[in-house]
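Enquirer: File follows, entry_13.cif with mmCIF, N, CA and C atoms and all ligand atoms:
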```cif
data_data
loop_
_atom_site.label_atom_id
_atom_site.label_comp_id
_atom_site.auth_asym_id
_atom_site.auth_seq_id
_atom_site.Cartn_x
_atom_site.Cartn_y
_atom_site.Cartn_z
N MET A 767 -44.58 -180.65 32.92
CA MET A 767 -43.59 -181.73 32.82
C MET A 767 -42.67 -181.69 34.04
N ARG A 768 -42.37 -182.88 34.54
CA ARG A 768 -41.55 -182.97 35.75
C ARG A 768 -40.28 -183.75 35.39
N ILE A 769 -39.13 -183.12 35.56
CA ILE A 769 -37.87 -183.78 35.22
C ILE A 769 -36.99 -183.82 36.46
N ILE A 770 -36.61 -185.02 36.85
CA ILE A 770 -35.78 -185.19 38.05
C ILE A 770 -34.54 -186.00 37.66
N GLU A 771 -33.39 -185.57 38.19
CA GLU A 771 -32.18 -186.35 37.94
C GLU A 771 -31.99 -187.31 39.10
N ASP A 772 -31.78 -188.58 38.78
CA ASP A 772 -31.51 -189.60 39.79
C ASP A 772 -30.03 -189.98 39.69
N ASP A 773 -29.18 -189.24 40.42
CA ASP A 773 -27.73 -189.43 40.35
C ASP A 773 -27.31 -190.83 40.77
N MET A 774 -28.04 -191.37 41.75
CA MET A 774 -27.68 -192.68 42.30
C MET A 774 -27.69 -193.76 41.21
N ASN A 775 -28.68 -193.67 40.31
CA ASN A 775 -28.83 -194.68 39.27
C ASN A 775 -28.42 -194.21 37.88
N ASP A 776 -27.84 -193.00 37.80
CA ASP A 776 -27.51 -192.41 36.50
C ASP A 776 -28.72 -192.40 35.57
N GLU A 777 -29.84 -191.99 36.13
CA GLU A 777 -31.07 -191.94 35.34
C GLU A 777 -31.70 -190.56 35.43
N VAL A 778 -32.50 -190.24 34.44
CA VAL A 778 -33.32 -189.02 34.48
C VAL A 778 -34.77 -189.49 34.43
N ILE A 779 -35.59 -188.97 35.32
CA ILE A 779 -36.99 -189.36 35.37
C ILE A 779 -37.81 -188.22 34.76
N ILE A 780 -38.46 -188.52 33.64
CA ILE A 780 -39.28 -187.53 32.94
C ILE A 780 -40.72 -187.99 33.04
N ASP A 781 -41.51 -187.31 33.86
CA ASP A 781 -42.91 -187.71 34.07
C ASP A 781 -43.04 -189.21 34.34
N ASP A 782 -42.28 -189.72 35.29
CA ASP A 782 -42.33 -191.12 35.72
C ASP A 782 -41.63 -192.11 34.78
N ILE A 783 -41.17 -191.63 33.64
CA ILE A 783 -40.44 -192.54 32.75
C ILE A 783 -38.95 -192.33 32.97
N ARG A 784 -38.26 -193.44 33.24
CA ARG A 784 -36.83 -193.35 33.52
C ARG A 784 -36.02 -193.62 32.26
N ILE A 785 -35.01 -192.81 32.05
CA ILE A 785 -34.08 -193.11 30.96
C ILE A 785 -32.68 -193.10 31.53
N ASN A 786 -31.78 -193.81 30.90
CA ASN A 786 -30.38 -193.79 31.29
C ASN A 786 -29.77 -192.51 30.76
N GLY A 787 -29.31 -191.67 31.67
CA GLY A 787 -28.69 -190.44 31.19
C GLY A 787 -28.57 -189.41 32.30
N PHE A 788 -28.29 -188.19 31.90
CA PHE A 788 -28.20 -187.10 32.87
C PHE A 788 -28.54 -185.77 32.22
N ILE A 789 -28.78 -184.78 33.06
CA ILE A 789 -29.14 -183.45 32.57
C ILE A 789 -27.85 -182.67 32.32
N LEU A 790 -27.79 -182.01 31.18
CA LEU A 790 -26.59 -181.26 30.80
C LEU A 790 -26.71 -179.79 31.22
N ASP A 791 -25.60 -179.06 31.08
CA ASP A 791 -25.64 -177.62 31.35
C ASP A 791 -26.07 -176.84 30.11
N ASP A 792 -26.04 -177.51 28.95
CA ASP A 792 -26.43 -176.84 27.70
C ASP A 792 -27.93 -176.69 27.62
N ARG A 793 -28.36 -175.65 26.92
CA ARG A 793 -29.79 -175.38 26.81
C ARG A 793 -30.29 -175.54 25.38
N CYS A 794 -31.57 -175.83 25.27
CA CYS A 794 -32.23 -175.97 23.98
C CYS A 794 -32.27 -174.60 23.30
N SER A 795 -31.92 -174.56 22.02
CA SER A 795 -31.91 -173.27 21.31
C SER A 795 -33.33 -172.77 21.04
N LYS A 796 -34.33 -173.66 21.14
CA LYS A 796 -35.72 -173.24 20.87
C LYS A 796 -36.44 -172.78 22.14
N CYS A 797 -36.36 -173.60 23.20
CA CYS A 797 -37.16 -173.28 24.39
C CYS A 797 -36.32 -172.88 25.60
N ASN A 798 -34.99 -172.99 25.47
CA ASN A 798 -34.06 -172.60 26.52
C ASN A 798 -34.10 -173.49 27.77
N ASN A 799 -34.74 -174.64 27.69
CA ASN A 799 -34.66 -175.58 28.82
C ASN A 799 -33.39 -176.41 28.71
N LEU A 800 -32.98 -177.00 29.83
CA LEU A 800 -31.75 -177.79 29.85
C LEU A 800 -31.91 -179.05 29.00
N LEU A 801 -30.85 -179.38 28.30
CA LEU A 801 -30.87 -180.59 27.47
C LEU A 801 -30.54 -181.81 28.33
N ILE A 802 -30.94 -182.95 27.85
CA ILE A 802 -30.71 -184.22 28.54
C ILE A 802 -29.97 -185.13 27.57
N ILE A 803 -29.04 -185.93 28.10
CA ILE A 803 -28.42 -186.93 27.22
C ILE A 803 -29.04 -188.29 27.53
N ASN A 804 -29.45 -188.97 26.47
CA ASN A 804 -29.96 -190.34 26.62
C ASN A 804 -28.81 -191.27 26.24
N GLU A 805 -28.28 -191.96 27.26
CA GLU A 805 -27.09 -192.77 27.02
C GLU A 805 -27.37 -194.02 26.20
N ASP A 806 -28.61 -194.47 26.17
CA ASP A 806 -28.93 -195.64 25.34
C ASP A 806 -28.69 -195.33 23.86
N TYR A 807 -28.93 -194.06 23.49
CA TYR A 807 -28.77 -193.68 22.08
C TYR A 807 -27.60 -192.71 21.90
N ASP A 808 -26.89 -192.43 22.99
CA ASP A 808 -25.75 -191.53 22.97
C ASP A 808 -26.10 -190.22 22.26
N ALA A 809 -27.22 -189.64 22.63
CA ALA A 809 -27.66 -188.42 21.94
C ALA A 809 -28.36 -187.46 22.89
N TYR A 810 -28.18 -186.17 22.61
CA TYR A 810 -28.84 -185.12 23.39
C TYR A 810 -30.25 -184.91 22.90
N PHE A 811 -31.13 -184.50 23.81
CA PHE A 811 -32.47 -184.13 23.37
C PHE A 811 -33.07 -183.10 24.31
N CYS A 812 -34.14 -182.47 23.82
CA CYS A 812 -34.91 -181.56 24.66
C CYS A 812 -36.23 -182.25 24.98
N ALA A 813 -36.49 -182.45 26.28
CA ALA A 813 -37.71 -183.16 26.67
C ALA A 813 -38.94 -182.30 26.40
N TYR A 814 -38.78 -180.97 26.51
CA TYR A 814 -39.94 -180.09 26.33
C TYR A 814 -40.37 -180.03 24.86
N CYS A 815 -39.37 -179.95 23.97
CA CYS A 815 -39.68 -179.93 22.54
C CYS A 815 -39.89 -181.34 22.01
N ASN A 816 -39.49 -182.35 22.78
CA ASN A 816 -39.51 -183.74 22.34
C ASN A 816 -38.78 -183.89 21.01
N GLU A 817 -37.58 -183.32 20.96
CA GLU A 817 -36.77 -183.39 19.74
C GLU A 817 -35.34 -183.77 20.10
N TRP A 818 -34.75 -184.59 19.24
CA TRP A 818 -33.31 -184.85 19.36
C TRP A 818 -32.59 -183.60 18.90
N VAL A 819 -31.46 -183.30 19.53
CA VAL A 819 -30.69 -182.13 19.15
C VAL A 819 -29.65 -182.52 18.09
N GLU A 820 -29.30 -183.81 18.07
CA GLU A 820 -28.31 -184.29 17.10
C GLU A 820 -28.98 -185.22 16.10
N ASP A 821 -28.51 -185.18 14.86
CA ASP A 821 -28.96 -186.16 13.87
C ASP A 821 -28.28 -187.50 14.16
N THR A 822 -28.86 -188.56 13.63
CA THR A 822 -28.18 -189.85 13.73
C THR A 822 -26.94 -189.78 12.84
N CYS A 823 -25.95 -190.65 13.11
CA CYS A 823 -24.66 -190.53 12.42
C CYS A 823 -24.70 -191.06 11.00
N GLY A 824 -25.76 -191.81 10.65
CA GLY A 824 -25.87 -192.31 9.29
C GLY A 824 -25.22 -193.67 9.06
N ASP A 825 -24.47 -194.16 10.06
CA ASP A 825 -23.84 -195.48 9.97
C ASP A 825 -24.87 -196.55 10.32
N LEU A 826 -25.20 -197.40 9.37
CA LEU A 826 -26.27 -198.39 9.57
C LEU A 826 -25.93 -199.40 10.66
N ASP A 827 -24.65 -199.59 10.94
CA ASP A 827 -24.25 -200.55 11.97
C ASP A 827 -24.06 -199.90 13.33
N CYS A 828 -24.30 -198.60 13.41
CA CYS A 828 -24.07 -197.90 14.67
C CYS A 828 -24.99 -198.45 15.75
N MET A 829 -24.40 -198.89 16.85
CA MET A 829 -25.21 -199.50 17.92
C MET A 829 -26.12 -198.49 18.63
N PHE A 830 -25.78 -197.22 18.53
CA PHE A 830 -26.59 -196.21 19.22
C PHE A 830 -27.76 -195.75 18.35
N CYS A 831 -27.50 -195.57 17.08
CA CYS A 831 -28.49 -194.92 16.21
C CYS A 831 -29.52 -195.88 15.63
N LYS A 832 -29.17 -197.17 15.52
CA LYS A 832 -30.05 -198.03 14.74
C LYS A 832 -31.44 -198.22 15.36
N ASP A 833 -31.53 -198.18 16.67
CA ASP A 833 -32.84 -198.35 17.31
C ASP A 833 -33.42 -197.04 17.83
N ARG A 834 -32.79 -195.93 17.47
CA ARG A 834 -33.25 -194.66 18.03
C ARG A 834 -34.61 -194.29 17.45
N PRO A 835 -35.59 -194.04 18.33
CA PRO A 835 -36.92 -193.66 17.82
C PRO A 835 -36.89 -192.26 17.20
N LYS A 836 -37.91 -191.96 16.38
CA LYS A 836 -37.97 -190.65 15.73
C LYS A 836 -38.01 -189.51 16.74
N LYS A 837 -38.75 -189.75 17.84
CA LYS A 837 -38.89 -188.73 18.89
C LYS A 837 -38.27 -189.28 20.17
N PRO A 838 -37.67 -188.42 20.98
CA PRO A 838 -37.08 -188.90 22.24
C PRO A 838 -38.09 -189.60 23.15
N SER A 839 -39.30 -189.07 23.21
CA SER A 839 -40.33 -189.73 23.99
C SER A 839 -41.36 -190.27 23.01
N ALA A 840 -41.45 -191.59 22.94
CA ALA A 840 -42.39 -192.19 22.00
C ALA A 840 -43.82 -191.81 22.39
N GLY A 841 -44.03 -191.53 23.68
CA GLY A 841 -45.32 -191.02 24.11
C GLY A 841 -46.43 -192.03 24.20
N LEU A 842 -46.08 -193.32 24.24
CA LEU A 842 -47.13 -194.32 24.33
C LEU A 842 -47.64 -194.44 25.76
N ILE A 843 -48.93 -194.32 25.92
CA ILE A 843 -49.56 -194.43 27.23
C ILE A 843 -50.48 -195.64 27.21
N ILE A 844 -50.35 -196.50 28.20
CA ILE A 844 -51.26 -197.65 28.26
C ILE A 844 -52.18 -197.45 29.46
N HIS A 845 -53.47 -197.45 29.16
CA HIS A 845 -54.45 -197.24 30.21
C HIS A 845 -55.08 -198.57 30.59
N SER A 846 -55.22 -198.80 31.88
CA SER A 846 -55.82 -200.06 32.32
C SER A 846 -56.53 -199.85 33.64
N ASP A 847 -57.25 -200.89 34.08
CA ASP A 847 -57.80 -200.86 35.43
C ASP A 847 -56.71 -201.34 36.39
N LEU A 848 -57.10 -201.63 37.62
CA LEU A 848 -56.10 -202.01 38.62
C LEU A 848 -55.94 -203.53 38.72
N GLY A 849 -56.26 -204.25 37.66
CA GLY A 849 -56.12 -205.70 37.65
C GLY A 849 -54.70 -206.11 38.00
N SER A 850 -54.56 -207.26 38.67
CA SER A 850 -53.24 -207.65 39.16
C SER A 850 -52.24 -207.86 38.03
N GLN A 851 -52.77 -208.19 36.82
CA GLN A 851 -51.82 -208.37 35.71
C GLN A 851 -51.17 -207.05 35.31
N TYR A 852 -51.90 -205.92 35.52
CA TYR A 852 -51.33 -204.62 35.14
C TYR A 852 -50.47 -204.01 36.24
N THR A 853 -50.69 -204.45 37.48
CA THR A 853 -49.89 -203.89 38.58
C THR A 853 -48.74 -204.82 38.95
N SER A 854 -48.66 -205.97 38.30
CA SER A 854 -47.61 -206.94 38.63
C SER A 854 -46.23 -206.34 38.30
N LYS A 855 -45.24 -206.85 38.98
CA LYS A 855 -43.87 -206.37 38.77
C LYS A 855 -43.43 -206.65 37.33
N ALA A 856 -43.79 -207.82 36.82
CA ALA A 856 -43.39 -208.19 35.45
C ALA A 856 -43.91 -207.16 34.45
N PHE A 857 -45.19 -206.76 34.63
CA PHE A 857 -45.79 -205.83 33.67
C PHE A 857 -45.24 -204.41 33.84
N THR A 858 -45.11 -203.96 35.09
CA THR A 858 -44.59 -202.60 35.30
C THR A 858 -43.13 -202.51 34.86
N ASP A 859 -42.37 -203.59 35.06
CA ASP A 859 -40.97 -203.60 34.57
C ASP A 859 -40.94 -203.55 33.05
N PHE A 860 -41.88 -204.30 32.43
CA PHE A 860 -41.94 -204.29 30.97
C PHE A 860 -42.23 -202.88 30.46
N CYS A 861 -43.21 -202.21 31.08
CA CYS A 861 -43.56 -200.85 30.66
C CYS A 861 -42.37 -199.92 30.84
N ARG A 862 -41.70 -200.07 31.95
CA ARG A 862 -40.58 -199.21 32.24
C ARG A 862 -39.47 -199.39 31.21
N SER A 863 -39.14 -200.65 30.94
CA SER A 863 -38.04 -200.89 30.00
C SER A 863 -38.44 -200.54 28.57
N SER A 864 -39.75 -200.55 28.29
CA SER A 864 -40.20 -200.21 26.93
C SER A 864 -40.59 -198.75 26.82
N LYS A 865 -40.35 -197.97 27.90
CA LYS A 865 -40.68 -196.54 27.92
C LYS A 865 -42.16 -196.28 27.66
N ILE A 866 -42.98 -197.15 28.17
CA ILE A 866 -44.43 -196.97 28.05
C ILE A 866 -44.93 -196.40 29.38
N LYS A 867 -45.72 -195.36 29.29
CA LYS A 867 -46.23 -194.74 30.50
C LYS A 867 -47.53 -195.43 30.89
N GLN A 868 -47.63 -195.83 32.15
CA GLN A 868 -48.85 -196.49 32.62
C GLN A 868 -49.83 -195.47 33.16
N SER A 869 -51.09 -195.68 32.83
CA SER A 869 -52.16 -194.84 33.35
C SER A 869 -53.20 -195.79 33.93
N MET A 870 -53.57 -195.55 35.18
CA MET A 870 -54.55 -196.43 35.82
C MET A 870 -55.60 -195.61 36.55
N ILE A 871 -56.78 -196.19 36.67
CA ILE A 871 -57.81 -195.52 37.44
C ILE A 871 -57.40 -195.55 38.90
N LYS A 872 -57.88 -194.59 39.66
CA LYS A 872 -57.61 -194.59 41.10
C LYS A 872 -58.50 -195.63 41.75
N ALA A 873 -57.97 -196.30 42.79
CA ALA A 873 -58.77 -197.30 43.49
C ALA A 873 -60.03 -196.65 44.06
N GLY A 874 -61.16 -197.29 43.86
CA GLY A 874 -62.41 -196.78 44.42
C GLY A 874 -63.03 -195.64 43.62
N CYS A 875 -62.47 -195.33 42.47
CA CYS A 875 -63.02 -194.26 41.63
C CYS A 875 -63.41 -194.83 40.27
N PRO A 876 -64.51 -195.54 40.18
CA PRO A 876 -64.86 -196.19 38.92
C PRO A 876 -65.10 -195.22 37.78
N TYR A 877 -65.40 -193.95 38.10
CA TYR A 877 -65.67 -192.99 37.02
C TYR A 877 -64.42 -192.24 36.59
N ASP A 878 -63.31 -192.51 37.26
CA ASP A 878 -62.06 -191.91 36.86
C ASP A 878 -61.72 -192.46 35.47
N ASN A 879 -61.47 -191.58 34.53
CA ASN A 879 -61.14 -192.00 33.18
C ASN A 879 -62.23 -192.86 32.54
N ALA A 880 -63.47 -192.56 32.86
CA ALA A 880 -64.60 -193.34 32.36
C ALA A 880 -64.64 -193.47 30.84
N PRO A 881 -64.36 -192.39 30.08
CA PRO A 881 -64.44 -192.56 28.61
C PRO A 881 -63.50 -193.63 28.09
N ARG A 882 -62.26 -193.65 28.61
CA ARG A 882 -61.32 -194.64 28.11
C ARG A 882 -61.69 -196.05 28.57
N SER A 883 -62.11 -196.15 29.85
CA SER A 883 -62.48 -197.47 30.36
C SER A 883 -63.68 -198.01 29.59
N SER A 884 -64.62 -197.13 29.26
CA SER A 884 -65.79 -197.52 28.50
C SER A 884 -65.39 -197.99 27.11
N PHE A 885 -64.44 -197.28 26.49
CA PHE A 885 -63.96 -197.67 25.18
C PHE A 885 -63.34 -199.08 25.23
N TYR A 886 -62.49 -199.32 26.23
CA TYR A 886 -61.85 -200.63 26.34
C TYR A 886 -62.87 -201.72 26.62
N GLY A 887 -63.88 -201.40 27.43
CA GLY A 887 -64.92 -202.37 27.72
C GLY A 887 -65.62 -202.82 26.44
N LYS A 888 -65.94 -201.85 25.58
CA LYS A 888 -66.62 -202.17 24.32
C LYS A 888 -65.71 -202.95 23.39
N LEU A 889 -64.44 -202.54 23.35
CA LEU A 889 -63.47 -203.24 22.51
C LEU A 889 -63.34 -204.71 22.93
N LYS A 890 -63.29 -204.92 24.24
CA LYS A 890 -63.18 -206.27 24.80
C LYS A 890 -64.40 -207.10 24.40
N ASN A 891 -65.58 -206.49 24.50
CA ASN A 891 -66.80 -207.19 24.12
C ASN A 891 -66.76 -207.60 22.65
N GLU A 892 -66.30 -206.68 21.82
CA GLU A 892 -66.25 -206.96 20.38
C GLU A 892 -65.27 -208.08 20.07
N HIS A 893 -64.07 -207.98 20.63
CA HIS A 893 -63.01 -208.89 20.20
C HIS A 893 -62.95 -210.19 20.98
N LEU A 894 -63.31 -210.15 22.24
CA LEU A 894 -63.22 -211.39 23.03
C LEU A 894 -64.56 -212.10 23.12
N ASN A 895 -65.62 -211.30 23.27
CA ASN A 895 -66.93 -211.92 23.47
C ASN A 895 -67.79 -211.90 22.21
N HIS A 896 -67.28 -211.24 21.18
CA HIS A 896 -67.95 -211.19 19.88
C HIS A 896 -69.37 -210.63 19.93
N TYR A 897 -69.55 -209.64 20.78
CA TYR A 897 -70.79 -208.87 20.73
C TYR A 897 -70.60 -207.78 19.70
N ASN A 898 -71.70 -207.32 19.12
CA ASN A 898 -71.59 -206.22 18.17
C ASN A 898 -71.84 -204.89 18.85
N ALA A 899 -70.83 -204.06 18.89
CA ALA A 899 -71.04 -202.71 19.41
C ALA A 899 -71.34 -201.80 18.23
N LYS A 900 -72.29 -200.92 18.40
CA LYS A 900 -72.60 -199.99 17.31
C LYS A 900 -71.56 -198.91 17.27
N ILE A 901 -71.17 -198.52 16.09
CA ILE A 901 -70.13 -197.50 15.95
C ILE A 901 -70.59 -196.20 16.61
N SER A 902 -71.91 -196.00 16.65
CA SER A 902 -72.41 -194.76 17.25
C SER A 902 -72.12 -194.72 18.76
N ASN A 903 -71.85 -195.87 19.37
CA ASN A 903 -71.51 -195.89 20.79
C ASN A 903 -70.21 -195.17 21.07
N PHE A 904 -69.38 -195.03 20.07
CA PHE A 904 -68.07 -194.42 20.28
C PHE A 904 -68.08 -192.92 20.02
N LYS A 905 -69.21 -192.41 19.55
CA LYS A 905 -69.24 -190.99 19.22
C LYS A 905 -69.60 -190.14 20.43
ZN ZN A 1001 -36.60 -177.30 23.68
ZN ZN A 1002 -24.60 -193.47 15.37
#
```
Any chance you could give the structure as structure tokens?
Expert:
Amino acid sequence: MRIIEDDMNDEVIIDDIRINGFILDDRCSKCNNLLIINEDYDAYFCAYCNEWVEDTCGDLDCMFCKDRPKKPSAGLIIHSDLGSQYTSKAFTDFCRSSKIKQSMIKAGCPYDNAPRSSFYGKLKNEHLNHYNAKISNFK
């Protein structure tokens, strides 16, 4: 895991995902790594344990707690090819603001991430082109 503090933007970059916040001097009681505060939810967390250190306040109208996810990092990864729709600014901004991590094949490496690309290819055939893929193809 790579954690970088971006003081200029008041952001912390955790494995390419940016959050509004900063790294604290306090340490996690479980793994002893430095805690991070996520200012969107006004709460401390440990990135290594992927756990919030504080409970939500219990106030249903609280602007910080009501949208707080169960885990600090939702961990959603979206894998795609290098199509212009996936590399466009609109899409990368969307992923960034939604805390979705983008995964893409390297240019010129068609076998990079072949299992996932193959899975998506079959899914596309099934749902868009209405071909029947055998379930055994996925095993
Ligand atoms: Zn920890
Ligand atoms: Zn709250």
Enquirer: Can you tell me which residues come within 8 Å of ligand ZN 1002 (chain A) when counting only N, CA and C atoms and all ligand atoms, ideally as a short mmCIF file (atom, residue, chain, number, x, y, z; two decimals) with N, CA and C atoms, in the frame of the given file?
Expert:
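File written: pocket.cif
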```cif
data_model
loop_
_atom_site.label_atom_id
_atom_site.label_comp_id
_atom_site.auth_asym_id
_atom_site.auth_seq_id
_atom_site.Cartn_x
_atom_site.Cartn_y
_atom_site.Cartn_z
N TYR A 807 -28.93 -194.06 23.49
CA TYR A 807 -28.77 -193.68 22.08
C TYR A 807 -27.60 -192.71 21.90
N ASP A 808 -26.89 -192.43 22.99
CA ASP A 808 -25.75 -191.53 22.97
C ASP A 808 -26.10 -190.22 22.26
N ASP A 821 -28.51 -185.18 14.86
CA ASP A 821 -28.96 -186.16 13.87
C ASP A 821 -28.28 -187.50 14.16
N THR A 822 -28.86 -188.56 13.63
CA THR A 822 -28.18 -189.85 13.73
C THR A 822 -26.94 -189.78 12.84
N CYS A 823 -25.95 -190.65 13.11
CA CYS A 823 -24.66 -190.53 12.42
C CYS A 823 -24.70 -191.06 11.00
N GLY A 824 -25.76 -191.81 10.65
CA GLY A 824 -25.87 -192.31 9.29
C GLY A 824 -25.22 -193.67 9.06
N ASP A 825 -24.47 -194.16 10.06
CA ASP A 825 -23.84 -195.48 9.97
C ASP A 825 -24.87 -196.55 10.32
N LEU A 826 -25.20 -197.40 9.37
CA LEU A 826 -26.27 -198.39 9.57
C LEU A 826 -25.93 -199.40 10.66
N ASP A 827 -24.65 -199.59 10.94
CA ASP A 827 -24.25 -200.55 11.97
C ASP A 827 -24.06 -199.90 13.33
N CYS A 828 -24.30 -198.60 13.41
CA CYS A 828 -24.07 -197.90 14.67
C CYS A 828 -24.99 -198.45 15.75
N MET A 829 -24.40 -198.89 16.85
CA MET A 829 -25.21 -199.50 17.92
C MET A 829 -26.12 -198.49 18.63
N PHE A 830 -25.78 -197.22 18.53
CA PHE A 830 -26.59 -196.21 19.22
C PHE A 830 -27.76 -195.75 18.35
N CYS A 831 -27.50 -195.57 17.08
CA CYS A 831 -28.49 -194.92 16.21
C CYS A 831 -29.52 -195.88 15.63
N LYS A 832 -29.17 -197.17 15.52
CA LYS A 832 -30.05 -198.03 14.74
C LYS A 832 -31.44 -198.22 15.36
#
```
Enquirer: Of the residues A:Met870, A:Cys875, A:Leu894, A:Ala813, which is the one nearest to ligand ZN 1001 (chain A), using all atoms listed in the file?
Expert: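 Nearest candidate to ligand ZN 1001 (chain A) out of A:Met870, A:Cys875, A:Leu894, A:Ala813: A:Ala813.
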Enquirer: Let me have all residues with an atom within 5 Å of ligand ZN 1001 (chain A), counting only N, CA and C atoms and all ligand atoms, laid out as a list in words.
Expert: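 Using only N, CA and C atoms and all ligand atoms, I find these residues within 5 Å of ligand ZN 1001 (chain A): Cys794, Lys796, Cys797, Asn798, Cys812, Tyr814 and Cys815 of chain A.
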Enquirer: Which residue gives the smallest distance to Asp772 of chain A among A:Cys861, A:Ile789, A:Ile844, A:Ile866, with all atoms listed in the file counted?
Expert: A:Ile789
Enquirer: Could you state the separation of atom CA of Arg784 of chain A and atom CA of Glu820 of chain A in Å, given to one decimal place?
Expert: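 One can read the atom CA of Arg784 of chain A to atom CA of Glu820 of chain A distance as 20.6 Å.
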Enquirer: Taking only segment 783-889 of chain A into account, list the residues labelled alpha helix (DSSP H) by DSSP (computed from the backbone), as a list of chain:residue names.
Expert: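 The alpha helix (DSSP H) residues within segment 783-889 of chain A come out as A:Ser850, A:Gln851, A:Tyr852, A:Thr853, A:Lys855, A:Ala856, A:Phe857, A:Thr858, A:Asp859, A:Phe860, A:Cys861, A:Arg862, A:Ser863, A:Ala880, A:Pro881, A:Arg882, A:Ser883, A:Ser884, A:Phe885, A:Tyr886, A:Gly887, A:Lys888, A:Leu889.
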Enquirer: Mind giving me the straight-line distance from atom C of Ala809 of chain A to atom CA of Gly787 of chain A in Å, one decimal?
Expert: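 Here the two named atoms are 8.8 Å from each other.
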Enquirer: From the list A:Ser854, A:Ser884, A:Ser846, A:Asn804, which residue is nearest Ile871 of chain A when using only C-alpha atoms?
Expert: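 Among A:Ser854, A:Ser884, A:Ser846, A:Asn804, it is A:Ser846 that comes nearest to Ile871 of chain A.
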Enquirer: Nearest to Glu777 of chain A: which of A:Glu805, A:Ser795, A:Pro835, A:Lys867 is it, counting only C-alpha atoms?
Expert: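 Smallest distance to Glu777 of chain A is found for A:Glu805.
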Enquirer: Box time for segment 880-888 of chain A: axis-aligned, enclosing all its listed atoms, 3 Å extra on each side; report centre and edge lengths in Å to one decimal, as JSON.
Expert:
```
{"center_x": -64.0, "center_y": -197.7, "center_z": 28.1, "size_x": 11.3, "size_y": 16.6, "size_z": 15.5}
```
Enquirer: Given the choices A:Ile780, A:Asp806, A:Pro881, A:Arg862, which gets closest to Arg834 of chain A if the distance is worked out from only N, CA and C atoms?
Expert: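 Among A:Ile780, A:Asp806, A:Pro881, A:Arg862, it is A:Asp806 that comes nearest to Arg834 of chain A.
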